[in-house]
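Trainee: Encoded as structure tokens, here's the structure I'll be asking about.
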Amino acid sequence: MDMLEQGTLTRRKFLCVVDDSPECRLALRFAFRRAARTGGGVVLLYVIEPADFQHWVAVENLMREEAREAAEEVLHTLADEVSQWSGIMPEFAIREGRKQEQVITLLDDEPEIRLLVLGASAEKDGPGPLVTALAGPNSGDLRVPITVVPGTLTIEQIDEIT
């Protein structure tokens, strides 16, 4: 029985993986504008990739703490920026591990997430490792559709299509 049959409406959420790339900003704009137009919400996922340095536990813990603080700062900065023009305050998710695995795990953990929005790099060497991994041959394993926002689009073009 789905949520509508139970009489409980859940708000559809868009998942956007964030980092410091230019294509991330475009994907954010797409996700927030679509969410605003459809009455949905947005979840921002920041993944802290594992550090190669693991010689001393105290140093590793300090590095992990600094990475988490940096992640929180990025998320709050982006949230302030997009809430000004979208009116939506996003939810945050900070995970540690490989991006691809953390995206899949979060999708499995959060059934309200109904769409994954990724930004594709405009660089000649491909759309980026996350887009390649998730929108490639294994995309059939995901439970949600993926929207890939090309890094060559302008803000005006994104506003026009959303």
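Simple scheme: letters A, B, ... for chains in structure tokens order, numbers from 1 for residues in each chain, numbers from 1 for ligands in the order shown.
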So which bits of range 4-144 of chain A end up strand (DSSP E) when you DSSP the backbone, as a PyMOL selection string?

Mentor: chain A and resi 13-17+41-48+91-96+113-120

Trainee: With N, CA and C atoms kept, could you save the residues just selected as an mmCIF file, in the first residue's frame?

Mentor:
```cif
data_model
loop_
_atom_site.group_PDB
_atom_site.id
_atom_site.type_symbol
_atom_site.label_atom_id
_atom_site.label_comp_id
_atom_site.auth_asym_id
_atom_site.auth_seq_id
_atom_site.Cartn_x
_atom_site.Cartn_y
_atom_site.Cartn_z
ATOM 1 N N LYS A 13 10.681 14.752 -2.535
ATOM 2 C CA LYS A 13 11.960 15.434 -2.344
ATOM 3 C C LYS A 13 12.889 15.146 -3.510
ATOM 4 N N PHE A 14 13.692 16.146 -3.823
ATOM 5 C CA PHE A 14 14.730 16.043 -4.829
ATOM 6 C C PHE A 14 16.058 15.932 -4.097
ATOM 7 N N LEU A 15 16.896 15.002 -4.515
ATOM 8 C CA LEU A 15 18.225 14.851 -3.924
ATOM 9 C C LEU A 15 19.247 15.476 -4.847
ATOM 10 N N CYS A 16 20.073 16.348 -4.277
ATOM 11 C CA CYS A 16 21.129 17.001 -5.039
ATOM 12 C C CYS A 16 22.444 16.810 -4.285
ATOM 13 N N VAL A 17 23.418 16.212 -4.971
ATOM 14 C CA VAL A 17 24.744 15.996 -4.388
ATOM 15 C C VAL A 17 25.546 17.275 -4.588
ATOM 16 N N GLY A 41 10.419 19.299 -1.768
ATOM 17 C CA GLY A 41 11.545 19.705 -0.934
ATOM 18 C C GLY A 41 12.846 19.268 -1.584
ATOM 19 N N VAL A 42 13.941 19.698 -0.993
ATOM 20 C CA VAL A 42 15.260 19.365 -1.525
ATOM 21 C C VAL A 42 16.141 18.872 -0.387
ATOM 22 N N VAL A 43 16.871 17.808 -0.662
ATOM 23 C CA VAL A 43 17.865 17.286 0.263
ATOM 24 C C VAL A 43 19.227 17.514 -0.382
ATOM 25 N N LEU A 44 20.109 18.185 0.348
ATOM 26 C CA LEU A 44 21.474 18.403 -0.125
ATOM 27 C C LEU A 44 22.376 17.367 0.531
ATOM 28 N N LEU A 45 23.063 16.590 -0.286
ATOM 29 C CA LEU A 45 23.977 15.572 0.222
ATOM 30 C C LEU A 45 25.409 16.007 -0.031
ATOM 31 N N TYR A 46 26.180 16.073 1.041
ATOM 32 C CA TYR A 46 27.612 16.337 0.950
ATOM 33 C C TYR A 46 28.321 15.072 1.436
ATOM 34 N N VAL A 47 29.166 14.526 0.590
ATOM 35 C CA VAL A 47 29.881 13.303 0.946
ATOM 36 C C VAL A 47 31.337 13.633 1.238
ATOM 37 N N ILE A 48 31.765 13.242 2.419
ATOM 38 C CA ILE A 48 33.166 13.387 2.809
ATOM 39 C C ILE A 48 33.865 12.104 2.397
ATOM 40 N N GLU A 91 16.917 20.266 3.402
ATOM 41 C CA GLU A 91 17.401 19.361 4.432
ATOM 42 C C GLU A 91 18.855 19.046 4.090
ATOM 43 N N PHE A 92 19.627 18.716 5.111
ATOM 44 C CA PHE A 92 21.042 18.393 4.908
ATOM 45 C C PHE A 92 21.301 16.933 5.228
ATOM 46 N N ALA A 93 22.222 16.360 4.471
ATOM 47 C CA ALA A 93 22.734 15.024 4.774
ATOM 48 C C ALA A 93 24.241 15.070 4.562
ATOM 49 N N ILE A 94 24.981 14.672 5.578
ATOM 50 C CA ILE A 94 26.437 14.573 5.470
ATOM 51 C C ILE A 94 26.784 13.113 5.712
ATOM 52 N N ARG A 95 27.464 12.547 4.756
ATOM 53 C CA ARG A 95 27.848 11.140 4.856
ATOM 54 C C ARG A 95 29.335 11.000 4.586
ATOM 55 N N GLU A 96 29.924 9.949 5.106
ATOM 56 C CA GLU A 96 31.336 9.646 4.855
ATOM 57 C C GLU A 96 31.428 8.373 4.029
ATOM 58 N N ILE A 113 12.533 10.667 -1.102
ATOM 59 C CA ILE A 113 13.332 11.185 -2.217
ATOM 60 C C ILE A 113 12.851 10.491 -3.480
ATOM 61 N N ARG A 114 12.391 11.286 -4.438
ATOM 62 C CA ARG A 114 11.791 10.737 -5.643
ATOM 63 C C ARG A 114 12.567 11.043 -6.918
ATOM 64 N N LEU A 115 13.602 11.897 -6.814
ATOM 65 C CA LEU A 115 14.367 12.261 -8.004
ATOM 66 C C LEU A 115 15.779 12.644 -7.593
ATOM 67 N N LEU A 116 16.750 12.156 -8.331
ATOM 68 C CA LEU A 116 18.152 12.496 -8.115
ATOM 69 C C LEU A 116 18.564 13.489 -9.188
ATOM 70 N N VAL A 117 19.100 14.628 -8.768
ATOM 71 C CA VAL A 117 19.537 15.669 -9.707
ATOM 72 C C VAL A 117 21.055 15.776 -9.614
ATOM 73 N N LEU A 118 21.722 15.553 -10.740
ATOM 74 C CA LEU A 118 23.174 15.633 -10.811
ATOM 75 C C LEU A 118 23.593 16.652 -11.851
ATOM 76 N N GLY A 119 24.681 17.337 -11.580
ATOM 77 C CA GLY A 119 25.250 18.262 -12.552
ATOM 78 C C GLY A 119 26.343 17.569 -13.337
ATOM 79 N N ALA A 120 26.307 17.726 -14.660
ATOM 80 C CA ALA A 120 27.342 17.141 -15.525
ATOM 81 C C ALA A 120 28.374 18.201 -15.852
#
```

Trainee: Could you pull the residues within 12 Å of Ser21 in chain A, counting only C-alpha atoms, minus those fewer than 4 positions along the same chain, as a list in words?

Mentor: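 The contact residues come out as Val17, Arg25, Leu26, Ala27, Leu28, Val74, Leu118, Gly119, Ala120, Ser121, Ala122, Glu123, Pro127, Gly128 and Gly151 of chain A.
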
Trainee: With N, CA and C atoms retained, could you export that selection as a compact mmCIF listing (two decimals), in the first residue's frame?

Mentor:
```
# COMPACT_ATOMS: atom_id res chain seq x y z
N VAL A 17 23.42 16.21 -4.97
CA VAL A 17 24.74 16.00 -4.39
C VAL A 17 25.55 17.28 -4.59
N ARG A 25 26.21 24.07 -8.90
CA ARG A 25 25.33 25.25 -8.79
C ARG A 25 24.16 25.16 -9.77
N LEU A 26 24.45 24.67 -10.98
CA LEU A 26 23.40 24.53 -11.97
C LEU A 26 22.39 23.46 -11.56
N ALA A 27 22.90 22.34 -11.05
CA ALA A 27 22.01 21.28 -10.59
C ALA A 27 21.15 21.76 -9.42
N LEU A 28 21.74 22.55 -8.53
CA LEU A 28 20.98 23.12 -7.41
C LEU A 28 19.85 24.00 -7.91
N VAL A 74 29.74 24.59 3.78
CA VAL A 74 29.29 24.58 2.38
C VAL A 74 27.78 24.44 2.31
N LEU A 118 21.72 15.55 -10.74
CA LEU A 118 23.17 15.63 -10.81
C LEU A 118 23.59 16.65 -11.85
N GLY A 119 24.68 17.34 -11.58
CA GLY A 119 25.25 18.26 -12.55
C GLY A 119 26.34 17.57 -13.34
N ALA A 120 26.31 17.73 -14.66
CA ALA A 120 27.34 17.14 -15.53
C ALA A 120 28.37 18.20 -15.85
N SER A 121 29.61 17.83 -15.76
CA SER A 121 30.71 18.74 -16.07
C SER A 121 30.67 19.14 -17.54
N ALA A 122 31.06 20.37 -17.80
CA ALA A 122 31.14 20.85 -19.18
C ALA A 122 32.51 20.56 -19.79
N GLU A 123 33.38 19.95 -19.02
CA GLU A 123 34.73 19.64 -19.49
C GLU A 123 34.70 18.55 -20.55
N PRO A 127 31.35 13.74 -18.20
CA PRO A 127 30.41 14.41 -17.32
C PRO A 127 30.81 14.41 -15.86
N GLY A 128 31.80 13.64 -15.50
CA GLY A 128 32.23 13.52 -14.11
C GLY A 128 32.01 12.10 -13.62
N GLY A 151 26.38 20.92 -17.74
CA GLY A 151 27.17 22.05 -17.25
C GLY A 151 27.31 23.18 -18.25
```

Trainee: I want to know what sits within 8 Å of Arg11 in chain A, based on only C-alpha atoms, with residues of the same chain fewer than 3 positions away left out; could you give that as a ChimeraX atom specification?

Mentor: /A:39-41,112

Trainee: Counting only C-alpha atoms, which residue out of A:Glu23, A:Ala35, A:Glu66, A:Ile104 sits closest to Val82 in chain A?

Mentor: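 Checking each candidate against Val82 in chain A, we get A:Ala35 as the closest.
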
Trainee: Could you go through chain A and tell me which residues DSSP, when run on the backbone, assigns to helix (DSSP H, G or I), listing them as a PyMOL selection string?

Mentor: chain A and resi 22-38+57-86+99-109+129-134+137-141+155-161

Trainee: Do you have the CA of Ala58 in chain A-CA of Glu101 in chain A distance handy?

Mentor: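 Value for the CA of Ala58 in chain A-CA of Glu101 in chain A distance: 26.2 Å.
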
Trainee: Would you mind reading off the distance between CA of Arg29 in chain A and CA of Ala133 in chain A, one decimal, in Å?

Mentor: 22.3 Å

Trainee: One decimal, in Å: what's the spacing between CA of Ile88 in chain A and CA of Glu65 in chain A?

Mentor: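 CA of Ile88 in chain A sits 28.1 Å away from CA of Glu65 in chain A.
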